[in-house]
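See below for entry_4.txt, which holds compact mmCIF, C-alpha atoms.
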# COMPACT_ATOMS: atom_id res chain seq x y z
CA MET A 91 -27.13 -139.18 202.54
CA LYS A 92 -27.05 -135.39 202.43
CA PRO A 93 -24.42 -133.84 204.70
CA ILE A 94 -25.82 -131.88 207.64
CA VAL A 95 -24.45 -128.39 208.39
CA ALA A 96 -25.55 -126.73 211.66
CA ILE A 97 -25.16 -123.02 212.44
CA VAL A 98 -24.67 -122.43 216.18
CA GLY A 99 -23.71 -119.50 218.38
CA ARG A 100 -24.95 -117.15 221.08
CA PRO A 101 -28.39 -115.54 220.68
CA ASN A 102 -28.68 -112.63 218.25
CA VAL A 103 -25.31 -113.04 216.51
CA GLY A 104 -27.03 -113.33 213.11
CA LYS A 105 -27.47 -117.09 212.66
CA SER A 106 -30.90 -116.79 211.04
CA THR A 107 -29.69 -114.01 208.77
CA LEU A 108 -26.81 -116.23 207.65
CA PHE A 109 -29.24 -119.14 207.21
CA ASN A 110 -31.39 -116.99 204.92
CA ARG A 111 -28.35 -115.71 203.04
CA ILE A 112 -27.00 -119.20 202.32
CA SER A 113 -30.38 -120.71 201.50
CA GLY A 114 -31.57 -117.75 199.46
CA THR A 115 -34.84 -117.68 201.39
CA ARG A 116 -36.62 -115.81 204.15
CA LYS A 117 -37.54 -119.06 205.89
CA ALA A 118 -35.95 -118.31 209.26
CA ILE A 119 -37.58 -115.66 211.44
CA VAL A 120 -35.22 -112.72 211.86
CA ASP A 121 -35.60 -110.15 214.63
CA ASP A 122 -33.34 -107.87 216.66
CA ILE A 123 -34.71 -109.42 219.85
CA PRO A 124 -32.41 -112.18 221.17
CA GLY A 125 -33.94 -115.64 221.20
CA VAL A 126 -36.38 -115.28 218.30
CA THR A 127 -35.26 -118.61 216.82
CA ARG A 128 -36.36 -121.11 219.45
CA ASP A 129 -36.45 -124.29 217.37
CA ARG A 130 -34.16 -125.76 214.81
CA ASN A 131 -34.95 -124.84 211.23
CA TYR A 132 -34.11 -127.28 208.42
CA LEU A 133 -33.70 -126.66 204.71
CA ASP A 134 -31.99 -128.46 201.83
CA VAL A 135 -29.53 -126.10 200.15
CA THR A 136 -27.55 -126.35 196.91
CA TRP A 137 -24.42 -124.19 196.59
CA ASN A 138 -22.02 -124.61 193.65
CA ASP A 139 -23.49 -128.04 192.85
CA HIS A 140 -23.07 -129.21 196.45
CA THR A 141 -26.31 -130.20 198.20
CA PHE A 142 -26.60 -130.36 201.98
CA THR A 143 -29.15 -129.87 204.75
CA LEU A 144 -28.69 -126.59 206.63
CA ILE A 145 -29.87 -126.24 210.24
CA ASP A 146 -30.51 -122.91 211.93
CA THR A 147 -30.53 -123.16 215.72
CA GLY A 148 -31.58 -121.14 218.72
CA GLY A 149 -28.84 -119.34 220.62
CA PHE A 150 -26.25 -121.24 222.63
CA GLU A 151 -26.23 -120.16 226.29
CA PRO A 152 -23.78 -122.51 228.06
CA GLU A 153 -24.81 -121.56 231.60
CA ALA A 154 -28.57 -121.70 231.07
CA LYS A 155 -30.12 -124.18 233.50
CA GLU A 156 -33.83 -123.67 232.96
CA GLY A 157 -36.41 -121.83 230.94
CA LEU A 158 -36.26 -120.78 227.31
CA LEU A 159 -32.49 -120.32 227.11
CA ALA A 160 -31.93 -123.81 228.51
CA GLN A 161 -34.27 -125.25 225.87
CA MET A 162 -32.45 -123.32 223.15
CA ARG A 163 -29.11 -124.67 224.38
CA GLU A 164 -30.50 -128.19 224.30
CA GLN A 165 -31.81 -127.72 220.78
CA ALA A 166 -28.42 -126.42 219.67
CA MET A 167 -26.66 -129.40 221.26
CA LEU A 168 -29.02 -131.74 219.42
CA ALA A 169 -28.13 -130.02 216.15
CA VAL A 170 -24.44 -130.49 216.94
CA GLU A 171 -25.01 -134.20 217.53
CA GLU A 172 -26.77 -134.54 214.18
CA ALA A 173 -24.40 -132.41 212.14
CA ASP A 174 -21.57 -133.52 209.90
CA LEU A 175 -20.12 -130.00 210.14
CA ILE A 176 -20.66 -127.11 212.55
CA VAL A 177 -20.57 -123.41 211.69
CA PHE A 178 -19.84 -121.44 214.87
CA LEU A 179 -20.93 -117.82 214.42
CA ALA A 180 -19.74 -115.03 216.70
CA ASP A 181 -20.69 -111.34 216.79
CA GLY A 182 -18.05 -108.92 215.51
CA LYS A 183 -20.14 -105.94 216.58
CA GLU A 184 -20.33 -106.91 220.26
CA GLY A 185 -16.84 -108.36 220.20
CA LEU A 186 -15.50 -111.40 222.04
CA MET A 187 -17.73 -112.41 224.97
CA PRO A 188 -17.12 -114.83 227.89
CA ALA A 189 -19.87 -117.12 226.57
CA ASP A 190 -17.93 -117.48 223.30
CA PHE A 191 -15.12 -119.24 225.19
CA GLU A 192 -17.58 -121.69 226.72
CA VAL A 193 -19.33 -122.40 223.42
CA ALA A 194 -15.95 -122.88 221.74
CA ASP A 195 -14.95 -125.35 224.45
CA LEU A 196 -18.17 -127.34 223.96
CA LEU A 197 -17.70 -127.44 220.20
CA ARG A 198 -14.08 -128.59 220.44
CA ARG A 199 -15.27 -131.57 222.45
CA SER A 200 -17.68 -132.59 219.70
CA THR A 201 -14.77 -133.62 217.40
CA LYS A 202 -16.90 -132.51 214.43
CA PRO A 203 -15.36 -130.46 211.58
CA LEU A 204 -15.74 -126.79 212.48
CA VAL A 205 -15.94 -123.57 210.49
CA PHE A 206 -15.64 -120.35 212.49
CA GLY A 207 -17.35 -117.21 211.21
CA VAL A 208 -17.42 -113.76 212.78
CA ASN A 209 -20.52 -111.89 211.67
CA LYS A 210 -21.33 -108.17 211.32
CA ILE A 211 -17.83 -107.30 210.06
CA ASP A 212 -18.85 -104.41 207.84
CA SER A 213 -16.32 -101.69 208.71
CA ARG A 214 -12.54 -101.30 209.10
CA LYS A 215 -12.87 -100.83 212.85
CA ARG A 216 -14.74 -104.10 213.25
CA MET A 217 -12.22 -105.82 211.00
CA GLU A 218 -9.50 -104.81 213.45
CA GLY A 219 -11.47 -106.44 216.26
CA LEU A 220 -11.41 -109.76 214.37
CA TYR A 221 -7.97 -110.57 215.81
CA ASP A 222 -9.43 -110.89 219.31
CA PHE A 223 -11.27 -114.03 218.20
CA TYR A 224 -8.01 -115.91 217.52
CA SER A 225 -7.74 -116.36 221.30
CA LEU A 226 -10.57 -118.94 221.17
CA GLY A 227 -8.13 -121.46 219.68
CA LEU A 228 -10.53 -122.36 216.87
CA PRO A 229 -9.89 -122.56 213.12
CA GLU A 230 -9.05 -119.21 211.51
CA PRO A 231 -12.06 -116.87 211.83
CA ILE A 232 -13.73 -115.85 208.58
CA PRO A 233 -15.13 -112.29 208.56
CA VAL A 234 -18.65 -112.07 207.15
CA SER A 235 -21.61 -109.76 207.01
CA ALA A 236 -24.64 -112.00 206.65
CA GLU A 237 -26.88 -108.97 206.19
CA HIS A 238 -24.91 -107.58 203.25
CA GLY A 239 -23.52 -110.87 201.91
CA THR A 240 -19.83 -109.97 202.16
CA GLY A 241 -17.57 -112.87 203.08
CA THR A 242 -20.30 -115.46 202.47
CA ASP A 243 -18.46 -116.96 199.50
CA ASP A 244 -15.31 -117.45 201.58
CA LEU A 245 -17.33 -119.07 204.35
CA MET A 246 -19.06 -121.39 201.89
CA ASP A 247 -15.76 -122.34 200.22
CA ARG A 248 -14.49 -123.47 203.61
CA ILE A 249 -17.71 -125.40 204.34
CA LEU A 250 -17.74 -127.19 200.98
CA SER A 251 -14.09 -128.19 201.37
CA LEU A 252 -14.96 -130.08 204.56
CA ILE A 253 -18.14 -131.97 203.57
CA PRO A 254 -18.51 -134.77 201.03
CA LYS A 255 -20.26 -134.01 197.76
CA TYR A 256 -23.73 -135.51 197.77
CA SER A 257 -24.88 -137.51 194.78
CA GLU A 258 -28.30 -139.12 194.86
CA GLU A 259 -28.16 -142.91 194.61
CA PRO A 260 -30.44 -144.38 191.96
CA LEU A 261 -33.07 -146.53 193.62
CA SER A 262 -33.26 -150.15 192.51
CA GLU A 263 -36.09 -150.82 190.08
CA ASN A 264 -36.73 -154.18 191.73
CA ILE A 265 -37.32 -152.99 195.27
CA THR A 266 -39.76 -150.51 196.81
CA ARG A 267 -38.34 -148.56 199.71
CA LEU A 268 -40.84 -147.52 202.38
CA ALA A 269 -40.21 -144.97 205.11
CA VAL A 270 -42.65 -145.40 207.99
CA ILE A 271 -43.00 -141.98 209.59
CA GLY A 272 -45.22 -140.25 212.10
CA ARG A 273 -45.40 -138.95 215.63
CA PRO A 274 -44.07 -141.05 218.54
CA ASN A 275 -46.16 -143.96 219.77
CA VAL A 276 -48.46 -143.99 216.75
CA GLY A 277 -47.70 -147.65 215.99
CA LYS A 278 -44.96 -147.53 213.35
CA SER A 279 -42.89 -150.36 214.82
CA SER A 280 -46.01 -152.46 215.40
CA LEU A 281 -46.91 -152.15 211.72
CA VAL A 282 -43.41 -153.12 210.62
CA ASN A 283 -43.51 -156.17 212.89
CA LYS A 284 -46.96 -157.18 211.64
CA LEU A 285 -45.83 -156.97 208.01
CA LEU A 286 -42.72 -158.99 208.76
CA GLY A 287 -44.53 -161.52 210.88
CA TYR A 288 -42.05 -161.41 213.72
CA GLU A 289 -40.63 -159.05 216.30
CA ARG A 290 -37.92 -157.41 214.17
CA VAL A 291 -38.37 -154.03 215.85
CA ILE A 292 -38.71 -153.40 219.59
CA VAL A 293 -42.25 -152.32 220.41
CA SER A 294 -43.09 -150.39 223.55
CA ASP A 295 -45.90 -148.20 224.86
CA VAL A 296 -43.28 -145.65 225.91
CA PRO A 297 -43.06 -142.88 223.28
CA GLY A 298 -39.63 -142.58 221.70
CA THR A 299 -38.53 -146.21 222.07
CA THR A 300 -37.10 -146.36 218.54
CA ARG A 301 -33.84 -144.40 218.56
CA ASP A 302 -32.47 -145.03 215.08
CA THR A 303 -33.69 -145.87 211.62
CA ILE A 304 -33.84 -149.63 211.07
CA ASP A 305 -33.88 -151.15 207.58
CA THR A 306 -35.42 -154.56 206.97
CA LEU A 307 -35.95 -156.47 203.72
CA LEU A 308 -39.35 -158.00 203.08
CA THR A 309 -40.42 -160.23 200.18
CA VAL A 310 -44.12 -160.87 199.44
CA ASP A 311 -45.08 -162.90 196.33
CA ASP A 312 -41.81 -162.03 194.59
CA ARG A 313 -42.27 -158.34 195.39
CA LYS A 314 -39.40 -156.87 197.40
CA TYR A 315 -39.65 -154.05 199.92
CA LEU A 316 -37.15 -152.29 202.15
CA LEU A 317 -38.93 -151.16 205.32
CA ILE A 318 -37.35 -148.12 206.94
CA ASP A 319 -38.73 -147.76 210.46
CA THR A 320 -37.96 -144.41 212.06
CA ALA A 321 -38.17 -142.94 215.50
CA GLY A 322 -41.26 -140.79 215.98
CA ILE A 323 -41.06 -137.23 214.76
CA ARG A 324 -41.72 -135.49 218.03
CA LYS A 325 -43.02 -131.97 218.36
CA LYS A 326 -39.87 -129.86 218.51
CA GLY A 327 -40.76 -128.16 221.78
CA ARG A 328 -40.94 -131.55 223.48
CA VAL A 329 -37.58 -132.89 222.38
CA SER A 330 -35.42 -133.73 225.38
CA GLN A 331 -31.72 -134.34 224.91
CA LYS A 332 -31.55 -136.57 227.97
CA LEU A 333 -34.49 -138.77 226.99
CA GLU A 334 -34.39 -138.67 223.21
CA LYS A 335 -31.21 -138.16 221.19
CA TYR A 336 -33.08 -139.08 218.05
CA THR A 337 -34.25 -136.02 216.13
CA ILE A 338 -36.19 -135.15 213.03
CA VAL A 339 -33.15 -135.06 210.74
CA GLN A 340 -32.91 -138.84 210.81
CA ALA A 341 -36.51 -139.07 209.63
CA LEU A 342 -35.76 -136.56 206.88
CA ARG A 343 -32.83 -138.69 205.79
CA SER A 344 -35.10 -141.73 205.74
CA MET A 345 -37.48 -139.89 203.42
CA ASP A 346 -34.60 -139.03 201.11
CA ARG A 347 -33.87 -142.73 200.72
CA CYS A 348 -37.40 -143.97 200.07
CA ASP A 349 -39.86 -144.31 197.19
CA VAL A 350 -43.04 -144.16 199.26
CA VAL A 351 -43.79 -142.69 202.67
CA LEU A 352 -46.26 -144.35 205.01
CA LEU A 353 -47.58 -141.49 207.13
CA MET A 354 -49.14 -143.02 210.22
CA ILE A 355 -51.85 -141.20 212.15
CA ASP A 356 -53.42 -142.15 215.47
CA ALA A 357 -57.13 -142.78 214.80
CA VAL A 358 -58.09 -141.77 218.35
CA GLU A 359 -56.15 -138.49 218.37
CA GLY A 360 -56.91 -137.65 214.74
CA VAL A 361 -54.79 -135.37 212.58
CA THR A 362 -52.70 -133.05 214.73
CA GLU A 363 -50.72 -129.97 213.82
CA GLN A 364 -47.55 -132.03 214.01
CA ASP A 365 -49.01 -134.57 211.56
CA THR A 366 -49.50 -131.77 209.04
CA LYS A 367 -45.86 -130.76 209.43
CA VAL A 368 -44.65 -134.33 209.01
CA ALA A 369 -46.82 -134.69 205.90
CA GLY A 370 -45.33 -131.46 204.58
CA TYR A 371 -41.81 -132.89 204.76
CA ALA A 372 -42.88 -135.87 202.62
CA HIS A 373 -44.71 -133.66 200.10
CA ASP A 374 -41.79 -131.23 199.79
CA ARG A 375 -39.45 -134.12 199.04
CA GLY A 376 -41.65 -135.32 196.21
CA LYS A 377 -42.31 -138.74 197.72
CA GLY A 378 -45.27 -140.98 197.11
CA CYS A 379 -47.48 -141.03 200.18
CA VAL A 380 -50.02 -143.35 201.81
CA ILE A 381 -51.91 -142.08 204.87
CA VAL A 382 -52.26 -144.96 207.33
CA VAL A 383 -54.83 -144.42 210.10
CA ASN A 384 -53.79 -146.79 212.88
CA LYS A 385 -55.73 -148.00 215.96
CA TRP A 386 -58.96 -148.08 213.95
CA ASP A 387 -60.19 -150.88 216.21
CA LEU A 388 -60.47 -148.34 219.04
CA ILE A 389 -62.95 -146.14 217.17
CA GLU A 390 -66.66 -146.57 217.84
CA LYS A 391 -68.32 -147.26 214.51
CA GLU A 392 -71.53 -145.78 213.17
CA THR A 393 -72.95 -145.43 209.70
CA LYS A 394 -70.48 -143.64 207.44
CA THR A 395 -67.91 -143.35 210.27
CA TYR A 396 -65.06 -144.16 207.89
CA GLU A 397 -66.24 -141.78 205.17
CA LYS A 398 -66.58 -138.92 207.66
CA TYR A 399 -63.15 -139.68 209.13
CA VAL A 400 -61.46 -139.69 205.71
CA GLU A 401 -63.21 -136.42 204.85
CA ASP A 402 -61.79 -134.88 208.03
CA VAL A 403 -58.29 -136.19 207.24
CA ARG A 404 -58.40 -134.72 203.75
CA PHE A 405 -59.67 -131.39 205.08
CA LYS A 406 -56.76 -131.12 207.51
CA LEU A 407 -54.18 -132.41 205.01
CA LYS A 408 -55.44 -130.48 201.99
CA TYR A 409 -52.18 -130.54 200.09
CA LEU A 410 -52.10 -134.36 200.40
CA ALA A 411 -55.48 -134.73 198.69
CA TYR A 412 -53.78 -137.07 196.21
CA ALA A 413 -52.75 -139.57 198.93
CA PRO A 414 -54.88 -142.68 199.51
CA VAL A 415 -56.13 -143.27 203.07
CA ILE A 416 -56.30 -146.72 204.65
CA SER A 417 -57.44 -147.60 208.17
CA ILE A 418 -55.73 -150.44 210.02
CA SER A 419 -55.00 -151.92 213.40
CA ALA A 420 -51.31 -152.72 213.58
CA LEU A 421 -51.92 -154.44 216.92
CA THR A 422 -54.51 -156.94 215.64
CA GLY A 423 -53.26 -157.01 212.06
CA GLN A 424 -56.56 -155.78 210.64
CA ARG A 425 -55.94 -154.72 206.99
CA ALA A 426 -52.19 -154.42 207.67
CA VAL A 427 -51.28 -156.50 204.61
CA LYS A 428 -53.57 -154.29 202.48
CA VAL A 429 -51.06 -151.51 203.07
CA LEU A 430 -48.59 -153.17 200.71
CA GLU A 431 -51.22 -153.42 197.97
CA VAL A 432 -51.81 -149.68 198.20
CA VAL A 433 -48.05 -149.07 198.27
CA ASP A 434 -47.62 -151.04 195.03
CA LYS A 435 -50.20 -148.85 193.30
CA VAL A 436 -48.66 -145.62 194.58
CA SER A 437 -45.14 -146.76 193.63
CA ALA A 438 -46.34 -147.48 190.08
CA GLU A 439 -48.00 -144.05 189.88
CA CYS A 440 -44.80 -142.35 191.06
CA GLY A 441 -42.85 -143.94 188.24
CA LYS A 442 -45.51 -143.45 185.56
CA ARG A 443 -44.40 -141.75 182.33
CA MET A 444 -46.74 -140.28 179.73
CA GLY A 445 -45.94 -139.91 176.04
CA THR A 446 -45.68 -136.37 174.69
CA GLY A 447 -48.39 -136.94 172.08
CA VAL A 448 -50.92 -138.27 174.57
CA LEU A 449 -50.08 -135.47 176.98
CA ASN A 450 -50.53 -132.69 174.45
CA ARG A 451 -53.87 -133.96 173.16
CA ALA A 452 -55.19 -133.93 176.73
CA PHE A 453 -53.46 -130.61 177.42
CA GLN A 454 -55.23 -128.90 174.52
CA GLU A 455 -58.58 -129.84 176.05
CA MET A 456 -57.49 -128.55 179.47
CA THR A 457 -56.45 -125.12 178.19
CA LYS A 458 -59.35 -124.84 175.76
CA GLY A 459 -61.87 -125.18 178.56
CA HIS A 460 -60.09 -122.75 180.87
CA MET A 461 -57.72 -120.11 179.45
CA PRO A 462 -54.72 -119.05 181.58
CA GLY A 463 -55.60 -115.36 181.54
CA MET A 464 -53.58 -112.18 180.93
CA TYR A 465 -50.17 -110.94 181.99
CA MET A 466 -49.08 -107.33 181.43
CA ASN A 467 -52.09 -106.85 179.12
CA ARG A 468 -51.05 -109.80 176.96
CA ALA A 469 -52.58 -113.26 176.79
CA VAL A 470 -50.63 -116.07 178.40
CA LYS A 471 -50.20 -118.84 175.82
CA PHE A 472 -49.08 -122.44 176.21
CA TYR A 473 -47.32 -124.17 173.32
CA TYR A 474 -46.77 -127.72 174.50
CA ILE A 475 -46.12 -129.94 177.50
CA THR A 476 -43.69 -132.80 178.04
CA GLN A 477 -42.89 -135.07 180.97
CA THR A 478 -39.24 -134.59 181.89
CA SER A 479 -38.89 -137.01 184.83
CA ALA A 480 -40.66 -139.36 187.22
CA LYS A 481 -40.55 -139.98 191.00
CA PRO A 482 -42.22 -137.55 191.27
CA PRO A 483 -43.84 -137.03 187.85
CA THR A 484 -42.45 -133.73 186.58
CA PHE A 485 -43.78 -131.83 183.59
CA THR A 486 -42.28 -128.94 181.66
CA LEU A 487 -44.76 -126.54 180.06
CA PHE A 488 -43.56 -124.08 177.43
CA THR A 489 -45.23 -120.68 177.50
CA ASN A 490 -44.66 -117.09 176.44
CA PHE A 491 -44.89 -115.81 180.04
CA PRO A 492 -43.77 -118.31 182.72
CA GLU A 493 -44.07 -115.59 185.34
CA GLY A 494 -47.65 -114.93 184.26
CA VAL A 495 -48.98 -118.35 185.27
CA HIS A 496 -50.98 -117.81 188.44
CA PHE A 497 -50.67 -120.42 191.20
CA SER A 498 -54.42 -121.06 190.99
CA TYR A 499 -54.05 -121.95 187.32
CA GLU A 500 -51.10 -124.18 188.16
CA ARG A 501 -53.34 -125.99 190.64
CA TYR A 502 -56.05 -126.27 187.96
CA LEU A 503 -53.57 -127.92 185.58
CA GLU A 504 -52.40 -130.34 188.25
CA ASN A 505 -55.98 -131.37 189.01
CA LYS A 506 -56.70 -131.86 185.31
CA LEU A 507 -53.59 -134.01 184.87
CA ARG A 508 -54.76 -136.18 187.74
CA GLU A 509 -58.24 -136.47 186.22
CA ALA A 510 -56.75 -137.54 182.90
CA PHE A 511 -53.90 -139.80 184.00
CA GLY A 512 -54.34 -140.69 187.68
CA PHE A 513 -51.08 -140.16 189.59
CA GLU A 514 -52.76 -141.24 192.84
CA GLY A 515 -50.48 -140.98 195.85
CA THR A 516 -47.73 -138.95 194.24
CA PRO A 517 -46.99 -135.22 194.08
CA ILE A 518 -46.83 -133.62 190.64
CA ARG A 519 -44.24 -130.99 189.76
CA LEU A 520 -44.94 -128.39 187.07
CA GLN A 521 -42.12 -126.32 185.57
CA PHE A 522 -42.85 -123.39 183.28
CA ARG A 523 -40.31 -122.45 180.60
CA LYS A 524 -40.31 -119.49 178.26
CA ARG A 525 -40.67 -119.97 174.55
CA GLY A 526 -41.33 -117.03 172.29
CA ARG A 527 -43.16 -117.10 169.00

Could you rewrite the structure in this file as structure tokens?
Amino acid sequence: MKPIVAIVGRPNVGKSTLFNRISGTRKAIVDDIPGVTRDRNYLDVTWNDHTFTLIDTGGFEPEAKEGLLAQMREQAMLAVEEADLIVFLADGKEGLMPADFEVADLLRRSTKPLVFGVNKIDSRKRMEGLYDFYSLGLPEPIPVSAEHGTGTDDLMDRILSLIPKYSEEPLSENITRLAVIGRPNVGKSSLVNKLLGYERVIVSDVPGTTRDTIDTLLTVDDRKYLLIDTAGIRKKGRVSQKLEKYTIVQALRSMDRCDVVLLMIDAVEGVTEQDTKVAGYAHDRGKGCVIVVNKWDLIEKETKTYEKYVEDVRFKLKYLAYAPVISISALTGQRAVKVLEVVDKVSAECGKRMGTGVLNRAFQEMTKGHMPGMYMNRAVKFYYITQTSAKPPTFTLFTNFPEGVHFSYERYLENKLREAFGFEGTPIRLQFRKRGR
């Protein structure tokens, strides 16, 4: 599994700026006001061929007992529990603060590998103040300026020396791995138990009963599945360290290990904002997806109730328009076994490969009917297309102006590929490469 690296420290020491610098993004909110980052922020990062998950956290305030700062401290502690390595960031501009001693003491007790960075070291005077931080008794402090990028390479060299190199395990061709994900108390464990036919997983009406991922083998008519049941992905603001040590990273790791994600939604509550976020994690990871609407037996039925419900689901999960929707009752077993039939179809679509000749004949028709437009007063031209990988199906398109392909045209091509070849339940990745003529 991907190593987890968590950045922790007092509020406003530059954690989010460092997060953006390492990840090469502007994903974390950055502001001069302390406490802007209230939740943990997760992103997969590759640095010098090393891939890991980076977590940005809210500020560590050891003495906070209640309110926002207490919640931020709890979130940071959760990140520490999840992490394989901790980056403790201090502020070289403000200098050594009493809270730094308390944070350092907490981190020493974690027994996790630790990298110590002192941020905002961008002048000789601040460099002289670096020696004060040796009194914390932590590993040698590394001077950095996250804003300007200086010292980042040294910090990353230290990080990479302390975490294992991640290499993705090839998934067995003879087994389909399913990650059952969704909000707490949506019925994930009940579905797993119904598929297995016995109480393999503890089921409870209390949200958050499942603490860890649980893998179980299932064989149906010579077809093999590995069911990965996960704790519910709870809305971040509701995570409580005392009640629920399980966090979203474990669910993300489960997705990394699977072929197909079963996204479970509560039929009574409908699609929530958190459901859209959970679905986004699966889509971003390129996993096949089946939307499972559970507790369908509790819905009052009228003419076209199901059609209207599916329409609403697709409207709220627009970027998962390719995912099939199935309604079930995990409690009564209604249509539960049908889930595996849909999974088989989606798994096959994820692994589908198209020949270059067939692709290009269809591609000529796609571009003939709708030209890609102009870029810098020149026509954007496509030369040919080839499928370069599967799981998810990934296509490389050779063009004279890769940067000139508008996202709306990219979406048009994706829709046309689905019309021509299916790919139900799986994301499609399009890569544009330059080829002159």

Pairwise distance, atom CA of Val432 of chain A with atom CA of Ser344 of chain A, equals 20.0 Å

Tell me which of A:Ser279, A:Ser213, A:Ser200, A:Ser479 sits closest to Leu352 of chain A, counting all atoms listed in the file.
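Among the listed residues, the smallest separation from Leu352 of chain A belongs to A:Ser279.
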
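Here atom CA of Ala269 of chain A stands at a distance of 21.4 Å from atom CA of Ala173 of chain A.
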
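If you measure from each of A:Thr486, A:Asn102, A:Ser225, A:Thr143 to Ala180 of chain A using all atoms listed in the file, the closest one turns out to be A:Asn102.
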
Separation of atom CA of Lys524 of chain A from atom CA of Phe488 of chain A, in Å and rounded to one decimal
5.7 Å

Mind listing whatever residues come within 12 Å of the point (-53.2, -129.0, 201.6)? Use all atoms listed in the file, file coordinates, and give them as a VMD selection string.
chain A and resid 366 to 367 369 to 370 373 to 374 403 to 413 501 517

Shell of 10 Å around Glu359 of chain A, only C-alpha atoms, local chain residues under 3 positions omitted, as a count of residues only
5

Need to verify the contact set: Val208 of chain A, 9 Å, all atoms listed in the file, exclusion of same-chain residues closer than 3 positions in sequence. Can you return it as a list in words?
Val103, Phe178, Leu179, Ala180, Asp181, Gly182, Ile211, Leu220, Phe223, Pro231, Ile232, Pro233, Val234 and Ser235 of chain A

Check which residues of segment 340-424 of chain A sit at most 8 Å from segment 435-439 of chain A using only C-alpha atoms, and return one row each with the closest pair of atoms and their distance in Å to one decimal, ordered by chain and rising number, as a tab-separated table.
residue	atom	partner	partner_atom	distance
A:Asp349	CA	A:Ser437	CA	6.8
A:Val350	CA	A:Ser437	CA	6.5
A:Gly378	CA	A:Val436	CA	6.3
A:Cys379	CA	A:Val436	CA	7.3
A:Val380	CA	A:Val436	CA	7.7

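Residues within 8 Å of Leu226 of chain A, counting only C-alpha atoms and excluding same-chain residues fewer than 4 positions away, are Asp190, Phe191 and Ala194 of chain A.
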
Show me, as AutoDock Vina command-line options, the centre and edge lengths in Å to one decimal of the axis-aligned box that covers every listed atom of segment 229-246 of chain A with 6 Å on each side.
--center_x -18.0 --center_y -115.1 --center_z 206.3 --size_x 29.8 --size_y 27.0 --size_z 25.6

Would you kindly return, as a list of chain:residue names, each protein, DNA or RNA residue with an atom no farther than 9 Å from any atom of Phe472 of chain A, considering all atoms listed in the file and excluding same-chain residues fewer than 5 positions away?
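In the requested form, the answer reads A:Thr457, A:Pro462, A:Leu487, A:Phe488, A:Thr489, A:Asn490, A:Phe491, A:Arg525.
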
List as a short mmCIF file (atom, residue, chain, number, x, y, z; two decimals) with C-alpha atoms, in the frame of the given file the protein and nucleic acid residues near segment 214-219 of chain A, meaning an atom at most 7 Å away when all atoms listed in the file are counted, but skip any in the same chain fewer than 2 places from it.
data_model
loop_
_atom_site.label_atom_id
_atom_site.label_comp_id
_atom_site.auth_asym_id
_atom_site.auth_seq_id
_atom_site.Cartn_x
_atom_site.Cartn_y
_atom_site.Cartn_z
CA GLY A 182 -18.05 -108.92 215.51
CA LYS A 183 -20.14 -105.94 216.58
CA GLY A 185 -16.84 -108.36 220.20
CA ILE A 211 -17.83 -107.30 210.06
CA ASP A 212 -18.85 -104.41 207.84
CA TYR A 221 -7.97 -110.57 215.81
CA ASP A 222 -9.43 -110.89 219.31
#
